[in-house]
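Text of entry-v1.txt, listed as compact mmCIF, C-alpha atoms and all ligand atoms:
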```
# COMPACT_ATOMS: atom_id res chain seq x y z
CA MET A 1 8.84 18.74 21.73
CA GLU A 2 8.93 15.81 19.35
CA PHE A 3 5.91 13.61 18.91
CA HIS A 4 4.81 10.58 16.98
CA LYS A 5 1.54 8.78 16.51
CA CYS A 6 1.02 6.57 19.56
CA SER A 7 1.34 2.85 19.06
CA ILE A 8 0.32 -0.08 21.25
CA LEU A 9 3.79 0.10 22.74
CA ASP A 10 2.75 3.40 24.31
CA VAL A 11 -0.19 1.74 26.09
CA SER A 12 0.55 0.46 29.59
CA PRO A 13 0.39 -3.31 30.24
CA GLN A 14 -2.18 -2.61 32.99
CA GLN A 15 -4.45 -0.97 30.45
CA LEU A 16 -4.07 -3.85 28.00
CA ALA A 17 -4.61 -6.63 30.52
CA GLY A 18 -8.29 -7.49 30.53
CA GLY A 19 -9.15 -4.54 28.26
CA ALA A 20 -11.38 -5.05 25.23
CA VAL A 21 -9.24 -3.94 22.31
CA LEU A 22 -11.00 -3.19 19.04
CA VAL A 23 -8.48 -3.76 16.25
CA ARG A 24 -9.05 -2.68 12.63
CA VAL A 25 -7.14 -5.09 10.43
CA ASP A 26 -7.01 -5.40 6.65
CA PHE A 27 -8.13 -8.96 5.97
CA ASN A 28 -9.32 -8.15 2.47
CA VAL A 29 -7.70 -11.33 1.13
CA PRO A 30 -8.14 -12.86 -2.34
CA PHE A 31 -10.27 -15.99 -2.76
CA GLU A 32 -10.15 -18.58 -5.51
CA HIS A 33 -13.04 -21.05 -5.76
CA GLY A 34 -14.12 -20.17 -2.24
CA VAL A 35 -10.66 -20.75 -0.72
CA ILE A 36 -8.24 -18.08 0.51
CA SER A 37 -5.52 -17.99 -2.17
CA ASP A 38 -3.08 -15.69 -0.38
CA ASP A 39 -3.10 -15.14 3.39
CA ALA A 40 -0.24 -12.60 3.46
CA ARG A 41 -2.54 -9.89 4.83
CA ILE A 42 -3.63 -12.13 7.69
CA ARG A 43 -0.02 -13.01 8.50
CA ALA A 44 0.93 -9.33 8.40
CA ALA A 45 -1.43 -8.61 11.31
CA LEU A 46 -0.16 -11.47 13.50
CA PRO A 47 2.45 -9.48 15.46
CA THR A 48 -0.18 -7.04 16.75
CA ILE A 49 -2.71 -9.76 17.54
CA GLN A 50 -0.11 -11.96 19.24
CA TYR A 51 1.16 -9.04 21.30
CA LEU A 52 -2.36 -8.29 22.54
CA ILE A 53 -2.96 -11.97 23.34
CA GLU A 54 0.29 -12.05 25.28
CA LYS A 55 -0.76 -8.94 27.22
CA GLN A 56 -4.06 -10.67 28.06
CA SER A 57 -6.29 -8.27 26.15
CA LYS A 58 -9.67 -9.32 24.83
CA VAL A 59 -9.07 -8.95 21.10
CA ILE A 60 -11.99 -7.90 18.88
CA LEU A 61 -11.11 -7.75 15.18
CA MET A 62 -12.87 -5.78 12.46
CA SER A 63 -12.18 -5.81 8.71
CA HIS A 64 -13.85 -5.43 5.36
CA LEU A 65 -13.72 -8.00 2.58
CA GLY A 66 -14.49 -7.01 -1.01
CA GLN A 67 -17.06 -4.37 -1.78
CA PRO A 68 -20.47 -5.79 -0.88
CA LYS A 69 -23.20 -3.14 -0.83
CA SER A 70 -25.33 -5.17 1.61
CA PRO A 71 -25.00 -8.43 3.58
CA ASP A 72 -23.81 -11.13 1.17
CA LEU A 73 -22.43 -14.39 2.52
CA ALA A 74 -20.06 -14.67 -0.44
CA PHE A 75 -18.15 -11.88 1.37
CA SER A 76 -18.37 -13.33 4.87
CA LEU A 77 -15.24 -13.17 7.00
CA ALA A 78 -16.02 -16.59 8.55
CA PRO A 79 -13.34 -18.43 6.48
CA VAL A 80 -10.84 -15.69 7.35
CA ALA A 81 -11.51 -16.13 11.09
CA LYS A 82 -10.91 -19.85 10.64
CA ARG A 83 -7.58 -19.31 8.84
CA LEU A 84 -6.49 -16.79 11.47
CA GLY A 85 -7.23 -19.38 14.15
CA GLU A 86 -4.97 -21.87 12.36
CA LEU A 87 -2.17 -19.31 12.11
CA LEU A 88 -2.49 -18.28 15.76
CA GLY A 89 -2.82 -21.83 17.01
CA GLN A 90 -5.89 -20.89 19.02
CA PRO A 91 -9.57 -20.61 18.08
CA VAL A 92 -10.95 -17.31 16.80
CA GLN A 93 -14.59 -16.84 17.62
CA PHE A 94 -16.51 -15.63 14.59
CA VAL A 95 -19.46 -13.32 15.26
CA SER A 96 -22.02 -13.07 12.48
CA GLU A 97 -22.66 -9.34 12.96
CA CYS A 98 -20.72 -6.18 13.80
CA VAL A 99 -23.20 -4.37 16.02
CA GLY A 100 -26.26 -5.60 17.88
CA GLU A 101 -27.15 -7.97 20.69
CA VAL A 102 -25.11 -10.91 19.42
CA ALA A 103 -21.94 -8.85 19.02
CA THR A 104 -22.39 -7.15 22.39
CA ALA A 105 -23.02 -10.44 24.18
CA ALA A 106 -19.98 -12.03 22.52
CA ALA A 107 -17.77 -9.06 23.44
CA ASN A 108 -19.00 -9.18 27.04
CA ALA A 109 -18.31 -12.91 27.31
CA LEU A 110 -14.87 -12.72 25.70
CA GLN A 111 -12.04 -13.86 27.99
CA PRO A 112 -8.63 -12.14 28.32
CA GLY A 113 -6.17 -13.58 25.80
CA HIS A 114 -9.01 -14.68 23.50
CA VAL A 115 -9.83 -13.42 20.03
CA MET A 116 -13.08 -12.75 18.24
CA MET A 117 -13.70 -11.53 14.70
CA LEU A 118 -16.71 -9.49 13.66
CA GLU A 119 -18.48 -10.02 10.33
CA ASN A 120 -17.58 -7.86 7.31
CA VAL A 121 -18.03 -4.19 8.28
CA ARG A 122 -19.17 -3.39 4.74
CA PHE A 123 -22.37 -5.35 5.33
CA TYR A 124 -23.47 -2.09 6.99
CA PRO A 125 -24.09 1.02 4.88
CA GLY A 126 -22.87 3.10 7.84
CA GLU A 127 -19.31 1.82 7.30
CA THR A 128 -18.37 3.62 4.10
CA LYS A 129 -20.58 6.60 5.00
CA ASN A 130 -18.65 6.89 8.26
CA ASP A 131 -21.99 7.12 10.03
CA PRO A 132 -21.37 8.33 13.61
CA GLN A 133 -24.07 6.06 15.02
CA PHE A 134 -22.53 2.97 13.46
CA ALA A 135 -19.04 4.08 14.55
CA GLN A 136 -20.26 4.61 18.10
CA ALA A 137 -21.96 1.20 18.16
CA LEU A 138 -18.70 -0.44 17.02
CA ALA A 139 -16.71 1.56 19.56
CA SER A 140 -19.04 0.48 22.39
CA LEU A 141 -17.61 -3.05 22.08
CA GLY A 142 -14.15 -1.96 23.21
CA THR A 143 -12.12 0.25 25.51
CA LEU A 144 -9.22 0.95 23.12
CA PHE A 145 -8.96 1.23 19.33
CA VAL A 146 -5.92 -0.13 17.51
CA GLN A 147 -5.46 0.87 13.86
CA ASP A 148 -3.51 -1.82 12.03
CA ALA A 149 -5.06 -1.57 8.56
CA PHE A 150 -2.70 0.67 6.63
CA GLY A 151 -4.25 -0.40 3.32
CA THR A 152 -7.55 1.27 4.21
CA ALA A 153 -6.18 4.16 6.26
CA HIS A 154 -6.65 6.55 3.32
CA ARG A 155 -10.41 6.11 3.65
CA ALA A 156 -12.48 7.81 6.33
CA HIS A 157 -14.84 4.95 7.16
CA ALA A 158 -16.53 4.11 10.46
CA SER A 159 -14.15 1.26 11.33
CA THR A 160 -11.01 3.04 10.09
CA ALA A 161 -11.54 6.52 11.45
CA GLY A 162 -15.03 7.06 12.91
CA VAL A 163 -14.53 4.82 15.96
CA ALA A 164 -11.59 6.97 17.07
CA ALA A 165 -14.02 9.71 18.14
CA TYR A 166 -15.21 7.44 20.94
CA LEU A 167 -12.09 5.55 22.04
CA PRO A 168 -8.45 6.23 22.78
CA SER A 169 -6.72 5.26 19.53
CA VAL A 170 -3.24 3.99 18.73
CA SER A 171 -1.51 2.20 15.87
CA GLY A 172 -0.65 -1.48 15.68
CA PHE A 173 2.79 -2.75 14.66
CA LEU A 174 1.99 -2.94 10.96
CA VAL A 175 0.85 0.67 10.75
CA GLN A 176 3.72 1.79 12.96
CA LYS A 177 6.19 0.13 10.59
CA GLU A 178 4.57 1.73 7.55
CA LEU A 179 4.70 5.20 9.12
CA GLU A 180 8.30 4.72 10.13
CA PHE A 181 9.62 3.49 6.79
CA LEU A 182 7.50 5.57 4.44
CA GLY A 183 7.83 8.61 6.71
CA ASN A 184 11.61 8.41 6.97
CA ALA A 185 11.97 7.81 3.25
CA ILE A 186 10.54 11.22 2.49
CA GLN A 187 11.31 13.24 5.61
CA SER A 188 14.85 12.19 6.49
CA PRO A 189 16.17 9.86 3.79
CA GLN A 190 19.69 8.64 3.40
CA ARG A 191 20.88 10.36 0.24
CA PRO A 192 20.98 10.26 -2.63
CA LEU A 193 17.25 9.61 -2.70
CA VAL A 194 16.12 7.97 -5.93
CA ALA A 195 12.42 7.62 -6.70
CA ILE A 196 11.24 5.30 -9.46
CA ILE A 197 7.69 6.09 -10.45
CA GLY A 198 6.11 3.90 -13.11
CA GLY A 199 2.78 2.28 -13.79
CA SER A 200 0.09 3.04 -16.26
CA LYS A 201 -1.40 6.42 -15.55
CA VAL A 202 -0.04 9.95 -15.32
CA SER A 203 -3.37 10.94 -13.80
CA SER A 204 -2.90 8.64 -10.82
CA LYS A 205 0.79 9.45 -10.33
CA ILE A 206 1.12 13.16 -11.14
CA GLY A 207 0.40 14.02 -7.50
CA VAL A 208 3.24 11.91 -6.20
CA LEU A 209 5.55 13.10 -9.00
CA LYS A 210 4.93 16.73 -8.09
CA SER A 211 5.44 16.05 -4.40
CA MET A 212 8.86 14.58 -5.21
CA LEU A 213 10.15 17.73 -6.93
CA GLY A 214 12.93 19.33 -4.97
CA LYS A 215 12.88 16.44 -2.48
CA VAL A 216 14.43 13.60 -4.44
CA ASP A 217 17.84 13.70 -6.06
CA THR A 218 16.85 11.56 -9.01
CA LEU A 219 13.40 10.79 -10.34
CA VAL A 220 12.93 7.92 -12.76
CA ILE A 221 9.69 8.05 -14.73
CA GLY A 222 8.93 4.72 -16.35
CA GLY A 223 6.19 2.32 -17.40
CA GLY A 224 3.24 3.24 -19.55
CA MET A 225 3.18 6.69 -17.97
CA ALA A 226 6.42 7.69 -19.68
CA PHE A 227 4.78 7.86 -23.12
CA THR A 228 2.57 10.81 -22.23
CA PHE A 229 5.78 12.62 -21.27
CA PHE A 230 7.47 11.58 -24.53
CA LYS A 231 4.47 12.73 -26.54
CA SER A 232 4.58 16.09 -24.75
CA MET A 233 8.22 16.32 -25.86
CA GLY A 234 7.16 15.78 -29.47
CA TYR A 235 8.26 12.17 -29.84
CA GLU A 236 6.37 9.62 -31.90
CA ILE A 237 4.94 7.10 -29.41
CA GLY A 238 2.92 4.97 -31.82
CA LYS A 239 0.02 3.27 -30.10
CA SER A 240 1.64 3.27 -26.69
CA LEU A 241 -0.40 4.25 -23.67
CA CYS A 242 -1.10 8.00 -23.69
CA GLU A 243 -3.37 10.32 -21.76
CA SER A 244 -3.97 13.09 -24.26
CA ASP A 245 -5.59 15.32 -21.66
CA LYS A 246 -2.41 15.22 -19.55
CA LEU A 247 0.06 16.42 -22.18
CA GLY A 248 0.10 19.98 -20.88
CA GLU A 249 0.56 18.85 -17.33
CA ALA A 250 3.37 16.48 -18.35
CA ALA A 251 5.22 19.27 -20.17
CA ALA A 252 4.73 21.66 -17.24
CA PHE A 253 6.03 19.01 -14.88
CA LEU A 254 9.25 18.56 -16.87
CA ASP A 255 9.73 22.35 -16.75
CA GLN A 256 9.24 22.41 -12.99
CA ALA A 257 11.72 19.58 -12.61
CA LYS A 258 14.35 21.73 -14.34
CA GLN A 259 13.56 24.69 -12.10
CA THR A 260 13.85 22.61 -8.95
CA GLN A 261 16.99 20.94 -10.24
CA THR A 262 15.49 17.50 -9.85
CA ARG A 263 17.24 15.11 -12.18
CA VAL A 264 14.58 13.31 -14.22
CA ILE A 265 15.38 10.08 -16.02
CA LEU A 266 13.05 8.84 -18.74
CA PRO A 267 13.49 5.49 -20.52
CA LEU A 268 16.13 5.31 -23.27
CA ASP A 269 14.85 2.25 -25.07
CA GLN A 270 11.70 0.16 -25.17
CA ILE A 271 10.48 -3.25 -26.16
CA VAL A 272 7.68 -2.63 -28.65
CA VAL A 273 5.00 -4.89 -30.08
CA ARG A 274 2.31 -4.35 -32.69
CA GLU A 275 -0.33 -6.34 -30.83
CA PHE A 276 -0.92 -6.15 -27.10
CA ASN A 277 -0.40 -9.80 -26.21
CA ASN A 278 2.36 -11.79 -24.57
CA ASP A 279 3.25 -13.84 -27.65
CA ALA A 280 3.33 -10.95 -30.11
CA PRO A 281 6.68 -10.58 -31.93
CA SER A 282 8.66 -7.79 -30.27
CA ALA A 283 11.47 -5.44 -31.19
CA LEU A 284 13.92 -3.31 -29.23
CA VAL A 285 13.92 0.35 -30.26
CA ASP A 286 15.32 3.69 -29.13
CA VAL A 287 12.53 5.81 -27.62
CA ARG A 288 13.09 8.36 -30.36
CA SER A 289 12.23 5.83 -33.04
CA ILE A 290 9.06 4.12 -31.90
CA PRO A 291 7.20 3.01 -35.04
CA ALA A 292 3.78 4.57 -35.72
CA ASP A 293 2.04 1.26 -35.05
CA GLY A 294 4.30 0.25 -32.13
CA ILE A 295 3.23 -0.21 -28.51
CA GLY A 296 5.90 0.21 -25.84
CA VAL A 297 5.48 -2.58 -23.29
CA ASP A 298 8.76 -2.85 -21.38
CA ALA A 299 11.97 -1.01 -20.56
CA GLY A 300 14.91 -2.04 -22.76
CA PRO A 301 18.41 -3.01 -21.58
CA GLN A 302 19.90 0.50 -21.80
CA THR A 303 17.10 1.85 -19.62
CA VAL A 304 17.56 -0.99 -17.17
CA ALA A 305 21.31 -0.36 -16.97
CA MET A 306 20.76 3.33 -16.29
CA VAL A 307 18.15 2.69 -13.58
CA ARG A 308 20.29 -0.06 -12.08
CA GLU A 309 23.20 2.31 -11.74
CA ALA A 310 21.02 4.91 -10.01
CA VAL A 311 19.62 2.25 -7.67
CA LEU A 312 23.00 0.81 -6.71
CA ASN A 313 24.38 4.27 -5.91
CA ALA A 314 21.35 5.41 -3.92
CA GLY A 315 21.15 5.90 -0.16
CA THR A 316 17.40 5.35 -0.45
CA VAL A 317 15.28 4.00 -3.29
CA LEU A 318 11.55 4.53 -3.34
CA TRP A 319 9.75 2.49 -5.97
CA ASN A 320 6.13 2.86 -7.03
CA GLY A 321 4.82 1.49 -10.32
CA PRO A 322 6.13 -1.24 -12.65
CA LEU A 323 8.34 -0.34 -15.62
CA GLY A 324 6.46 -2.51 -18.07
CA VAL A 325 3.45 -4.76 -18.51
CA PHE A 326 4.90 -7.21 -15.99
CA GLU A 327 1.71 -9.28 -15.84
CA MET A 328 2.75 -10.62 -19.27
CA SER A 329 5.82 -12.78 -18.68
CA ASN A 330 7.62 -11.62 -21.82
CA PHE A 331 7.37 -7.98 -20.79
CA ALA A 332 8.34 -8.38 -17.15
CA LYS A 333 12.11 -8.26 -17.69
CA GLY A 334 12.59 -4.55 -17.08
CA THR A 335 10.48 -4.56 -13.92
CA PHE A 336 12.20 -7.67 -12.57
CA ALA A 337 15.66 -6.32 -13.40
CA VAL A 338 14.96 -3.18 -11.39
CA ALA A 339 13.60 -5.31 -8.55
CA GLN A 340 16.81 -7.33 -8.70
CA ALA A 341 18.94 -4.18 -8.58
CA MET A 342 16.99 -3.06 -5.51
CA ALA A 343 17.60 -6.45 -3.93
CA GLU A 344 21.35 -5.95 -4.45
CA ALA A 345 21.39 -2.31 -3.35
CA LYS A 346 23.14 -1.37 -0.12
CA GLY A 347 20.80 1.55 0.55
CA VAL A 348 17.33 1.57 2.04
CA THR A 349 14.77 0.11 -0.39
CA ILE A 350 11.07 0.91 -0.08
CA VAL A 351 8.31 -0.39 -2.33
CA GLY A 352 4.83 1.14 -2.39
CA GLY A 353 1.87 0.39 -4.64
CA GLY A 354 -0.24 -2.72 -5.09
CA ASP A 355 1.13 -3.81 -8.45
CA SER A 356 4.73 -3.02 -7.53
CA ALA A 357 4.40 -5.09 -4.37
CA SER A 358 2.94 -7.95 -6.38
CA ALA A 359 5.81 -7.68 -8.90
CA ILE A 360 8.32 -7.92 -6.03
CA ALA A 361 6.46 -10.94 -4.67
CA LYS A 362 6.40 -12.54 -8.14
CA ALA A 363 10.16 -12.01 -8.39
CA GLY A 364 10.57 -13.66 -4.96
CA LEU A 365 12.41 -10.62 -3.60
CA VAL A 366 10.14 -9.40 -0.78
CA ASP A 367 12.66 -10.38 1.89
CA LYS A 368 15.44 -8.46 0.13
CA MET A 369 13.66 -5.12 0.47
CA THR A 370 13.89 -2.89 3.51
CA HIS A 371 10.14 -2.42 3.39
CA VAL A 372 7.31 -3.43 1.07
CA SER A 373 4.24 -1.40 1.90
CA THR A 374 0.96 -3.23 2.39
CA GLY A 375 -1.01 -0.18 1.30
CA GLY A 376 -1.47 0.47 -2.41
CA GLY A 377 -3.53 3.65 -2.56
CA ALA A 378 -2.67 4.51 1.03
CA SER A 379 1.09 4.47 0.43
CA LEU A 380 0.65 6.71 -2.59
CA THR A 381 -1.51 9.17 -0.65
CA PHE A 382 1.03 9.15 2.16
CA LEU A 383 3.99 9.67 -0.17
CA GLU A 384 2.13 12.58 -1.76
CA GLY A 385 2.34 14.18 1.66
CA HIS A 386 -1.37 14.04 2.42
CA ASP A 387 -2.77 13.10 5.81
CA LEU A 388 -4.47 9.72 5.96
CA PRO A 389 -7.84 9.93 7.78
CA GLY A 390 -7.17 6.59 9.51
CA ILE A 391 -3.84 7.91 10.81
CA SER A 392 -4.65 11.51 11.70
CA ILE A 393 -7.19 10.27 14.26
CA LEU A 394 -4.53 8.47 16.29
CA GLU A 395 -3.33 10.00 19.54
CA ASP A 396 -0.04 11.93 19.50
CA CYS A 397 2.60 10.71 21.92
CA TYR A 398 5.15 13.24 23.08
CA VAL A 399 8.73 12.30 23.52
CA THR A 400 10.38 14.20 26.38
CA ARG A 401 14.14 14.18 26.46
P1 LIG B 501 1.06 0.36 -8.53
O1 LIG B 501 -0.17 -0.48 -8.27
O2 LIG B 501 2.32 -0.33 -8.11
O3 LIG B 501 0.93 1.74 -8.00
P2 LIG B 501 0.08 1.10 -11.12
O4 LIG B 501 -1.26 0.59 -10.77
O5 LIG B 501 0.25 2.54 -11.27
O6 LIG B 501 1.18 0.50 -10.12
O7 LIG B 501 0.54 0.49 -12.51
C1 LIG B 501 0.58 -0.87 -12.76
C2 LIG B 501 0.15 -1.17 -14.16
O8 LIG B 501 0.92 -0.45 -15.10
C3 LIG B 501 0.35 -2.63 -14.48
O9 LIG B 501 -0.90 -3.22 -14.69
C4 LIG B 501 1.19 -2.61 -15.75
O10 LIG B 501 0.76 -3.57 -16.70
C5 LIG B 501 0.95 -1.22 -16.26
N1 LIG B 501 2.01 -0.81 -17.19
C6 LIG B 501 3.32 -0.65 -16.94
N2 LIG B 501 3.99 -0.33 -18.07
C7 LIG B 501 3.08 -0.27 -19.05
C8 LIG B 501 3.14 0.01 -20.46
N3 LIG B 501 4.28 0.28 -21.06
N4 LIG B 501 1.98 -0.04 -21.15
C9 LIG B 501 0.81 -0.35 -20.55
N5 LIG B 501 0.69 -0.61 -19.25
C10 LIG B 501 1.80 -0.58 -18.50
MG MG B 502 -2.09 -0.57 -9.21
```

Target format C-alpha cells, applied to this file:
Amino acid sequence: MEFHKCSILDVSPQQLAGGAVLVRVDFNVPFEHGVISDDARIRAALPTIQYLIEKQSKVILMSHLGQPKSPDLAFSLAPVAKRLGELLGQPVQFVSECVGEVATAAANALQPGHVMMLENVRFYPGETKNDPQFAQALASLGTLFVQDAFGTAHRAHASTAGVAAYLPSVSGFLVQKELEFLGNAIQSPQRPLVAIIGGSKVSSKIGVLKSMLGKVDTLVIGGGMAFTFFKSMGYEIGKSLCESDKLGEAAAFLDQAKQTQTRVILPLDQIVVREFNNDAPSALVDVRSIPADGIGVDAGPQTVAMVREAVLNAGTVLWNGPLGVFEMSNFAKGTFAVAQAMAEAKGVTIVGGGDSASAIAKAGLVDKMTHVSTGGGASLTFLEGHDLPGISILEDCYVTR
C-alpha cells in the first residue's frame, strides 16, 4: 500500500470546523531598523492559514524569530502578527506568551475563523531542548497540529516535533509542496537528472554530494568548494578557498564518482582576483593555470557554457550552492547565468539552499523555477536522504486503490 505524510487536505472539514488548530509556521523574517524588510516567509504561509480560516478553524500560530536565549522584546513576534493581519485582511490577535494562563484564556476565547499568534517560542528554554512538558503545554492549546515550517523541520524542537506526541499531526500546504517537489526530484526524477552543487564548503556539502552518487546523471561541482577538489587533483589553486582537512575525502569522492559512473563536471575556467573585494582587478584563467596569489571568485564563460548546456538538456535540475561570490556584484555573473539557464530550461527546476534561493530572488527569477525551497539547512538534510524530525512525526496517510 502506498502512503504519504498526511496533509490538511486529509483532515475532514467537520474536524477543522471549530477545531483549535496549532500551526507551526516559519516567520523568522529579517528586520531592518525595527521594520520587517522581507515578508516572503509570512506570505508563504498564507495558503495554509487562509484555508483554515475558510474551514472555520480557530487558528493558533507558533514560530520562532532569531535566536534569543531568553525573553527579549527585540525578538518579539508582535510586529509579525501585525503584518500578517494586513496580509490576511483581518486582525491577528497577538498573545504575549506561549504557555500559561494568558495563552490558555486567549485560545479558549478564540472564535472559529479567527487567528491568534503566540509570542516567540524561543523565549522558552524548553523549545530548543524539546522539553516534553513545554511541548505538552503548547499542545494543550489545540486539537490538531499542522506543520508548515519546512525551514525548521530539520530541528527536533518542542514546537516543530515535540507537540506531535500529544496531537494528531499533519503538514500544511507549504511543507506538502516541499515534500512533493524535493521528494520527486530525488526519488522519481525526469531524466537526465543534473545536480549543481556549489557554495563555499566541502564540509557542509560532502553529505549531499555522496548521496547523489549513482542517483544523478550529471553532477556539477562549483563555487568555492571546487578548489578543494582541484587541490586534491594536484592543481595550483593559489589563495582560493580550500579545506585542507578535506583533501582526502575530496579525492576519494572523485574515485567513487568514477566507480558509480556518475559524470562529474568541475569548472573549466575562473575569474580570479588578488584581493578579495568587489573592485579588485580581475582576470580570466583556465583552472589549470591559477596564479599562486590568485583567488578564484566566479565561474568563467566556458564553465557557464558547459553548465548551461547540461541544464538545458536536463529533465530535472537540482541546484544547491552559488557558483561564485555572488554577493559581490562583479562576481555574480556565473551564478546569475546558471540561474538564467534554469529559467529557460524546459525540465523541472528545483532550487534548495538559503544563499541559492537568495541568488534566484536577486536575479528576479523565482517565478521561472518549478520550485524554490524555503528551507536552507532543511532542504539539504532532506536531499541527503535523512529524515527530518519535524516531518517524521507527521501521520502517514494510506492511499487505497
Ligand atoms: P546555500 O546557502 O545555497 O546552500 P552555501 O551556503 O553553501 O549555499 O554557499 C554560499 C556561499 O558560497 C556564498 O556566500 C558565496 O559567496 C560562497 N562562494 C561561492 N563561490 C565562492 C568562491 N569561489 N570563493 C569563496 N566563496 C564562494
Ligand atoms: Mg548558505

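Between atom CA of A:Arg288 and atom CA of A:Ala339 lies a distance of 25.7 Å.
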
For this session: Would you mind listing what lies within 12 Å of stretch 251-261 of chain A as an MDAnalysis selection string, with only C-alpha atoms counted and same-chain residues fewer than 5 positions away left out?
Result: chainID A and resid 202 205:221 226:234 244:246 266

Exercise. Any idea what's packed within 9 Å of A:Ala78, counting all atoms listed in the file, ignoring anything in its chain fewer than 3 positions away? Could you give it as number ranges by chain?
Worked result: A: 75, 81-83, 94-96, 117-120

Next, write the just-selected residues to a file, as a short mmCIF file (atom, residue, chain, number, x, y, z; two decimals), keeping the file's coordinate frame, keeping C-alpha atoms as the atom set.
```
data_model
loop_
_atom_site.label_atom_id
_atom_site.label_comp_id
_atom_site.auth_asym_id
_atom_site.auth_seq_id
_atom_site.Cartn_x
_atom_site.Cartn_y
_atom_site.Cartn_z
CA PHE A 75 -18.15 -11.88 1.37
CA ALA A 81 -11.51 -16.13 11.09
CA LYS A 82 -10.91 -19.85 10.64
CA ARG A 83 -7.58 -19.31 8.84
CA PHE A 94 -16.51 -15.63 14.59
CA VAL A 95 -19.46 -13.32 15.26
CA SER A 96 -22.02 -13.07 12.48
CA MET A 117 -13.70 -11.53 14.70
CA LEU A 118 -16.71 -9.49 13.66
CA GLU A 119 -18.48 -10.02 10.33
CA ASN A 120 -17.58 -7.86 7.31
#
```

Counting all atoms listed in the file, which residues of chain A sit at most 7 Å from some atom of ligand MG 502 (chain B), and what is each one's closest atom pair with its distance in Å to one decimal, listed by chain and rising residue number, as JSON lines?
```
{"residue": "A:Gly353", "atom": "CA", "partner": "B:MG502", "partner_atom": "MG", "distance": 6.1}
{"residue": "A:Gly354", "atom": "CA", "partner": "B:MG502", "partner_atom": "MG", "distance": 5.0}
{"residue": "A:Asp355", "atom": "CA", "partner": "B:MG502", "partner_atom": "MG", "distance": 4.6}
{"residue": "A:Gly376", "atom": "CA", "partner": "B:MG502", "partner_atom": "MG", "distance": 6.9}
```

Problem set entry | Selection near A:Val366, 12 Å with only C-alpha atoms, sequence-local residues under 2 positions removed, as a ChimeraX atom specification | /A:40,339-340,342-343,349-352,356-364,368-374

For this session: Enter the distance from atom CA of A:Phe27 to atom CA of A:Val80, in Å, rounded to one decimal.
Result: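 Separation between atom CA of A:Phe27 and atom CA of A:Val80: 7.4 Å.
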
For this session: Could you report the residues within 8 Å of ligand LIG 501 (chain B), using only C-alpha atoms and all ligand atoms, as a PyMOL selection string?
Result: chain A and resi 198-201+204-205+222-227+240-241+295-299+320-328+352-358+376-377+380

Problem set entry | Which residue of A:Gly183, A:Gly66, A:Gly113, A:Pro267 approaches A:Ser379 most closely, using only C-alpha atoms |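 Checking each of A:Gly183, A:Gly66, A:Gly113, A:Pro267 against A:Ser379, counting only C-alpha atoms, the winner is A:Gly183.
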
What's the 10 Å shell around stretch 271-275 of chain A, counting all atoms listed in the file, without same-chain residues fewer than 6 positions away, as a PDB file with C-alpha atoms, in the frame of the given file?
```pdb
ATOM      1  CA  GLY A 238       2.920   4.970 -31.820  1.00  0.00           C
ATOM      2  CA  LYS A 239       0.020   3.270 -30.100  1.00  0.00           C
ATOM      3  CA  SER A 240       1.640   3.270 -26.690  1.00  0.00           C
ATOM      4  CA  PRO A 281       6.680 -10.580 -31.930  1.00  0.00           C
ATOM      5  CA  SER A 282       8.660  -7.790 -30.270  1.00  0.00           C
ATOM      6  CA  ALA A 283      11.470  -5.440 -31.190  1.00  0.00           C
ATOM      7  CA  LEU A 284      13.920  -3.310 -29.230  1.00  0.00           C
ATOM      8  CA  VAL A 285      13.920   0.350 -30.260  1.00  0.00           C
ATOM      9  CA  ASP A 286      15.320   3.690 -29.130  1.00  0.00           C
ATOM     10  CA  VAL A 287      12.530   5.810 -27.620  1.00  0.00           C
ATOM     11  CA  ILE A 290       9.060   4.120 -31.900  1.00  0.00           C
ATOM     12  CA  PRO A 291       7.200   3.010 -35.040  1.00  0.00           C
ATOM     13  CA  ALA A 292       3.780   4.570 -35.720  1.00  0.00           C
ATOM     14  CA  ASP A 293       2.040   1.260 -35.050  1.00  0.00           C
ATOM     15  CA  GLY A 294       4.300   0.250 -32.130  1.00  0.00           C
ATOM     16  CA  ILE A 295       3.230  -0.210 -28.510  1.00  0.00           C
ATOM     17  CA  GLY A 296       5.900   0.210 -25.840  1.00  0.00           C
ATOM     18  CA  VAL A 297       5.480  -2.580 -23.290  1.00  0.00           C
ATOM     19  CA  ASP A 298       8.760  -2.850 -21.380  1.00  0.00           C
ATOM     20  CA  ALA A 299      11.970  -1.010 -20.560  1.00  0.00           C
ATOM     21  CA  GLY A 300      14.910  -2.040 -22.760  1.00  0.00           C
ATOM     22  CA  PRO A 301      18.410  -3.010 -21.580  1.00  0.00           C
ATOM     23  CA  GLY A 324       6.460  -2.510 -18.070  1.00  0.00           C
ATOM     24  CA  ASN A 330       7.620 -11.620 -21.820  1.00  0.00           C
ATOM     25  CA  PHE A 331       7.370  -7.980 -20.790  1.00  0.00           C
ATOM     26  CA  LYS A 333      12.110  -8.260 -17.690  1.00  0.00           C
ATOM     27  CA  GLY A 334      12.590  -4.550 -17.080  1.00  0.00           C
TER      28      GLY A 334
END
```

Problem set entry | A:Phe123 surroundings by only C-alpha atoms, 10 Å radius, close-in-sequence under 6 positions cut, as a PyMOL selection string | chain A and resi 64-65+67-73+75-76+97-98

Seminar exercise, completed: Of A:Phe31, A:Tyr124, A:Tyr398, A:Trp319, the one sitting nearest A:Val338 when using only C-alpha atoms is A:Trp319
